[in-house]
Amino acid sequence: MLKLIEQLEPQFKIMIYIACLGENENAFELFRFSPLSREKSFVEATRELLSLPKKERTRLITKELKDNIQLNKNKSLGDIHPGWFFDFLKEEGNQTIHLILRYLPGEVARYVLAHLSLETQKAIRQIEEKKISEDLLQLVRRKFESQFLTLTSPEKSDEIDLYHLYFIKIDQLLSFFRDLGLEQLSRAFKRVDAIALKALLNRLSIHDAKDFPVKIRSLETVSGRELKEAQMLLLNLPLDTIEPELLFSEVGISFFARAMNKEDLKFVEALQFKLPPRYGYILKRYVTGSLTSSKPSVTEWVKKQVLTKFQSFPLN
């Protein structure tokens with residue numbers, strides 16, 4: 001495992017792979033043109049890669065460069081969490097799985113393969129590689145890709161709307177939903193007695209139980225509307241059945257769902273596939289429920305609340 005090179009951004013990984021294709025003494029020439037602040041990390045990662053035997057190193061670099069080319073061909077699929085590929089392929093036959101894995105980027109293919117049963121993994125590895133017509137491969141590929149909706153990058157603008165959530169990193173998106181839920185729970189419990197607060201704290205993980213009282217104290221004022229909407233939100237949630245480690249996130253997703261209307265369904269579907277399946281199904285469930293029960297005035301108010309939160313959310 002090459003730990004140092006794995007910590008670099010994709011474009012810098014490619015730079016180092018290319019630098020290490022030639023002779024060892026020439027591998028560091030490119031770094032003369034790199035920012036001084038990055039030179040040390042580039043040099044250390046290069047030394048790590050050069051420590052591999054030449055034959056093994058060449059094989060690794062060739063594979064990684066091929067994977068990058070394939071990833072660019074499937075750029076739209078790069079926004080989809082690999083768990084969805086597994087979710088859709090797990091019921092397919094071994095030949096179909098094998099065929100799909102051939103064109104998925106290596107990292108995604110490895111994820112799917114690792115989550116299949118050991119019996120299926122063994123069967124797929126034993127399938128003989130056969131030359132398949134490009135037309136057939138494209139047909140299977142189009143059929144598979146049609147199951148997933150992705151969004152194209154919006155035109156550059158100073159105005160930020162909720163659709164920009166789709167284009168932030170997945171860890172930032174999950175963090176946003178967690179923070180949104182923490183805020184709603186804090187509003188709902190701002191004016192409750194100590195007994196009710198203690199009952200909720202006992203359900204939380206140790207980490208969340210420390211964050212929650214701090215967040216409540218940080219809320220200087222909570223308007224009557226904010227308090228009412230937060231408490232109504234919790235009344236409609238199955239709090240007793242939500243897993244403790246998911247509580248903040250699920251509350252946040254349920255609040256976000258109330259900001260969606262029928263015109264947002266394509267955005268919701270794309271966002272669902274960006275999230276890990278566990279969270280994506282939660283989003284789908286709450287949006288479906290919200291569309292049948294929310295009033296337009298409430299939807300508009302919640303949308304403004306979520307947008308204000310997103311606009312102030314740190315993304316660095």
# chains A, B, ... in the order shown; residues from 1 in each chain; ligands from 1

$ residues_around --residues "region 40-43 of chain A" --least-positions-apart "3" --cutoff "9 Å" --atoms "only C-alpha atoms" --output "mmCIF file with N, CA and C atoms, in the first residue's frame"
data_model
loop_
_atom_site.group_PDB
_atom_site.id
_atom_site.type_symbol
_atom_site.label_atom_id
_atom_site.label_comp_id
_atom_site.auth_asym_id
_atom_site.auth_seq_id
_atom_site.Cartn_x
_atom_site.Cartn_y
_atom_site.Cartn_z
ATOM 1 N N LEU A 4 1.695 7.397 0.879
ATOM 2 C CA LEU A 4 1.979 8.797 0.579
ATOM 3 C C LEU A 4 1.330 9.249 -0.723
ATOM 4 N N ILE A 5 1.409 8.419 -1.741
ATOM 5 C CA ILE A 5 0.827 8.807 -3.026
ATOM 6 C C ILE A 5 -0.699 8.794 -2.967
ATOM 7 N N LEU A 8 -2.455 12.126 -2.123
ATOM 8 C CA LEU A 8 -2.412 13.235 -3.077
ATOM 9 C C LEU A 8 -3.692 13.320 -3.901
ATOM 10 N N PHE A 12 -2.209 15.105 -9.189
ATOM 11 C CA PHE A 12 -0.826 15.005 -8.764
ATOM 12 C C PHE A 12 -0.359 13.543 -8.761
ATOM 13 N N LYS A 13 -1.276 12.628 -8.498
ATOM 14 C CA LYS A 13 -0.931 11.206 -8.625
ATOM 15 C C LYS A 13 -0.483 10.898 -10.047
ATOM 16 N N ILE A 16 2.999 12.104 -10.840
ATOM 17 C CA ILE A 16 4.060 11.279 -10.258
ATOM 18 C C ILE A 16 4.175 9.943 -10.987
ATOM 19 N N PHE A 28 12.628 13.187 -10.681
ATOM 20 C CA PHE A 28 12.362 14.379 -9.882
ATOM 21 C C PHE A 28 12.432 15.680 -10.693
ATOM 22 N N PHE A 31 9.479 18.283 -10.697
ATOM 23 C CA PHE A 31 9.133 19.000 -9.474
ATOM 24 C C PHE A 31 9.814 20.357 -9.368
ATOM 25 N N SER A 34 7.069 22.789 -9.713
ATOM 26 C CA SER A 34 5.923 22.685 -8.794
ATOM 27 C C SER A 34 6.049 23.727 -7.683
ATOM 28 N N LEU A 36 6.639 25.398 -4.187
ATOM 29 C CA LEU A 36 7.549 24.979 -3.120
ATOM 30 C C LEU A 36 6.805 24.311 -1.976
ATOM 31 N N SER A 37 5.556 24.758 -1.725
ATOM 32 C CA SER A 37 4.772 24.201 -0.617
ATOM 33 C C SER A 37 4.400 22.740 -0.860
ATOM 34 N N THR A 46 7.179 10.216 -4.555
ATOM 35 C CA THR A 46 7.958 9.652 -5.668
ATOM 36 C C THR A 46 8.965 8.631 -5.155
ATOM 37 N N ARG A 47 9.641 8.948 -4.082
ATOM 38 C CA ARG A 47 10.600 8.001 -3.487
ATOM 39 C C ARG A 47 9.899 6.722 -3.059
ATOM 40 N N GLU A 48 8.697 6.869 -2.518
ATOM 41 C CA GLU A 48 7.923 5.695 -2.114
ATOM 42 C C GLU A 48 7.621 4.808 -3.317
#

$ atom_distance --atom1 "CA of Phe273 (chain A)" --atom2 "CA of Leu101 (chain A)"
18.4 Å

$ residues_around --residues "Phe88 (chain A)" --least-positions-apart "3" --cutoff "10 Å" --atoms "only C-alpha atoms" --output "list in words"
Gly83, Trp84, Phe85, Glu91, Glu92, Ile97, Phe144 and Gln147 of chain A

$ residues_around --residues "region 51-58 of chain A" --least-positions-apart "5" --cutoff "12 Å" --atoms "only C-alpha atoms" --output "PyMOL selection string"
chain A and resi 1-2+16-24+44-46+63-65

$ closest_residue --among "A:Arg203, A:Lys215, A:Lys143, A:Lys274" --to "Gln172 (chain A)" --atoms "only C-alpha atoms"
A:Lys274

$ residues_around --residues "region 276-286 of chain A" --least-positions-apart "6" --cutoff "9 Å" --atoms "only C-alpha atoms" --output "list in words"
Ile80, His81, Pro82, Gly83, Trp84, Asp87, Ile170, Leu174, Ser249, Glu250, Ile253, Ser254, Phe255, Phe256, Ala257, Arg258, Val268 and Glu269 of chain A

$ write_last_selection --atoms "N, CA and C atoms" --output "PDB file, in the first residue's frame"
ATOM      1  N   ILE A  80     -21.416   8.827  -8.675  1.00  0.00           N
ATOM      2  CA  ILE A  80     -22.301   7.833  -8.057  1.00  0.00           C
ATOM      3  C   ILE A  80     -21.522   7.015  -7.033  1.00  0.00           C
ATOM      4  N   HIS A  81     -22.094   6.873  -5.853  1.00  0.00           N
ATOM      5  CA  HIS A  81     -21.420   6.072  -4.822  1.00  0.00           C
ATOM      6  C   HIS A  81     -21.338   4.616  -5.289  1.00  0.00           C
ATOM      7  N   PRO A  82     -20.157   3.980  -5.168  1.00  0.00           N
ATOM      8  CA  PRO A  82     -20.001   2.610  -5.672  1.00  0.00           C
ATOM      9  C   PRO A  82     -20.950   1.600  -5.036  1.00  0.00           C
ATOM     10  N   GLY A  83     -21.491   1.943  -3.864  1.00  0.00           N
ATOM     11  CA  GLY A  83     -22.447   1.043  -3.226  1.00  0.00           C
ATOM     12  C   GLY A  83     -23.682   0.795  -4.078  1.00  0.00           C
ATOM     13  N   TRP A  84     -24.043   1.786  -4.921  1.00  0.00           N
ATOM     14  CA  TRP A  84     -25.213   1.611  -5.799  1.00  0.00           C
ATOM     15  C   TRP A  84     -24.924   0.604  -6.898  1.00  0.00           C
ATOM     16  N   ASP A  87     -25.391  -2.593  -5.323  1.00  0.00           N
ATOM     17  CA  ASP A  87     -26.811  -2.793  -5.062  1.00  0.00           C
ATOM     18  C   ASP A  87     -27.558  -3.274  -6.307  1.00  0.00           C
ATOM     19  N   ILE A 170     -18.456  14.159  -1.124  1.00  0.00           N
ATOM     20  CA  ILE A 170     -19.418  13.322  -0.405  1.00  0.00           C
ATOM     21  C   ILE A 170     -19.271  13.470   1.104  1.00  0.00           C
ATOM     22  N   LEU A 174     -22.346  14.673   3.581  1.00  0.00           N
ATOM     23  CA  LEU A 174     -22.780  13.947   4.778  1.00  0.00           C
ATOM     24  C   LEU A 174     -22.629  14.819   6.020  1.00  0.00           C
ATOM     25  N   SER A 249     -27.960  12.801  11.293  1.00  0.00           N
ATOM     26  CA  SER A 249     -28.026  12.783   9.825  1.00  0.00           C
ATOM     27  C   SER A 249     -29.444  12.566   9.332  1.00  0.00           C
ATOM     28  N   GLU A 250     -30.167  11.634   9.953  1.00  0.00           N
ATOM     29  CA  GLU A 250     -31.527  11.339   9.487  1.00  0.00           C
ATOM     30  C   GLU A 250     -32.467  12.517   9.761  1.00  0.00           C
ATOM     31  N   ILE A 253     -31.618  15.018   7.024  1.00  0.00           N
ATOM     32  CA  ILE A 253     -32.151  14.611   5.729  1.00  0.00           C
ATOM     33  C   ILE A 253     -33.662  14.801   5.685  1.00  0.00           C
ATOM     34  N   SER A 254     -34.340  14.487   6.798  1.00  0.00           N
ATOM     35  CA  SER A 254     -35.800  14.639   6.827  1.00  0.00           C
ATOM     36  C   SER A 254     -36.201  16.112   6.723  1.00  0.00           C
ATOM     37  N   PHE A 255     -35.414  16.994   7.343  1.00  0.00           N
ATOM     38  CA  PHE A 255     -35.695  18.435   7.235  1.00  0.00           C
ATOM     39  C   PHE A 255     -35.437  18.915   5.809  1.00  0.00           C
ATOM     40  N   PHE A 256     -34.329  18.482   5.241  1.00  0.00           N
ATOM     41  CA  PHE A 256     -34.002  18.829   3.854  1.00  0.00           C
ATOM     42  C   PHE A 256     -35.110  18.361   2.902  1.00  0.00           C
ATOM     43  N   ALA A 257     -35.646  17.161   3.150  1.00  0.00           N
ATOM     44  CA  ALA A 257     -36.699  16.610   2.290  1.00  0.00           C
ATOM     45  C   ALA A 257     -37.926  17.506   2.240  1.00  0.00           C
ATOM     46  N   ARG A 258     -38.172  18.208   3.328  1.00  0.00           N
ATOM     47  CA  ARG A 258     -39.346  19.090   3.386  1.00  0.00           C
ATOM     48  C   ARG A 258     -39.164  20.329   2.511  1.00  0.00           C
ATOM     49  N   VAL A 268     -33.280  15.279  -6.622  1.00  0.00           N
ATOM     50  CA  VAL A 268     -33.314  14.347  -5.491  1.00  0.00           C
ATOM     51  C   VAL A 268     -32.792  12.983  -5.902  1.00  0.00           C
ATOM     52  N   GLU A 269     -33.194  12.512  -7.076  1.00  0.00           N
ATOM     53  CA  GLU A 269     -32.744  11.194  -7.540  1.00  0.00           C
ATOM     54  C   GLU A 269     -31.239  11.170  -7.754  1.00  0.00           C
TER      55      GLU A 269
END

$ select_by_dssp --residues "region 3-177 of chain A" --states "alpha helix (DSSP H)" --output "ChimeraX atom specification"
/A:3-6,10-19,36-50,54-73,82-89,94-103,106-115,118-125,134-145,170-177

$ closest_residue --among "A:Phe148, A:Leu99, A:Glu6, A:Leu118" --to "Leu49 (chain A)" --atoms "only C-alpha atoms"
A:Glu6
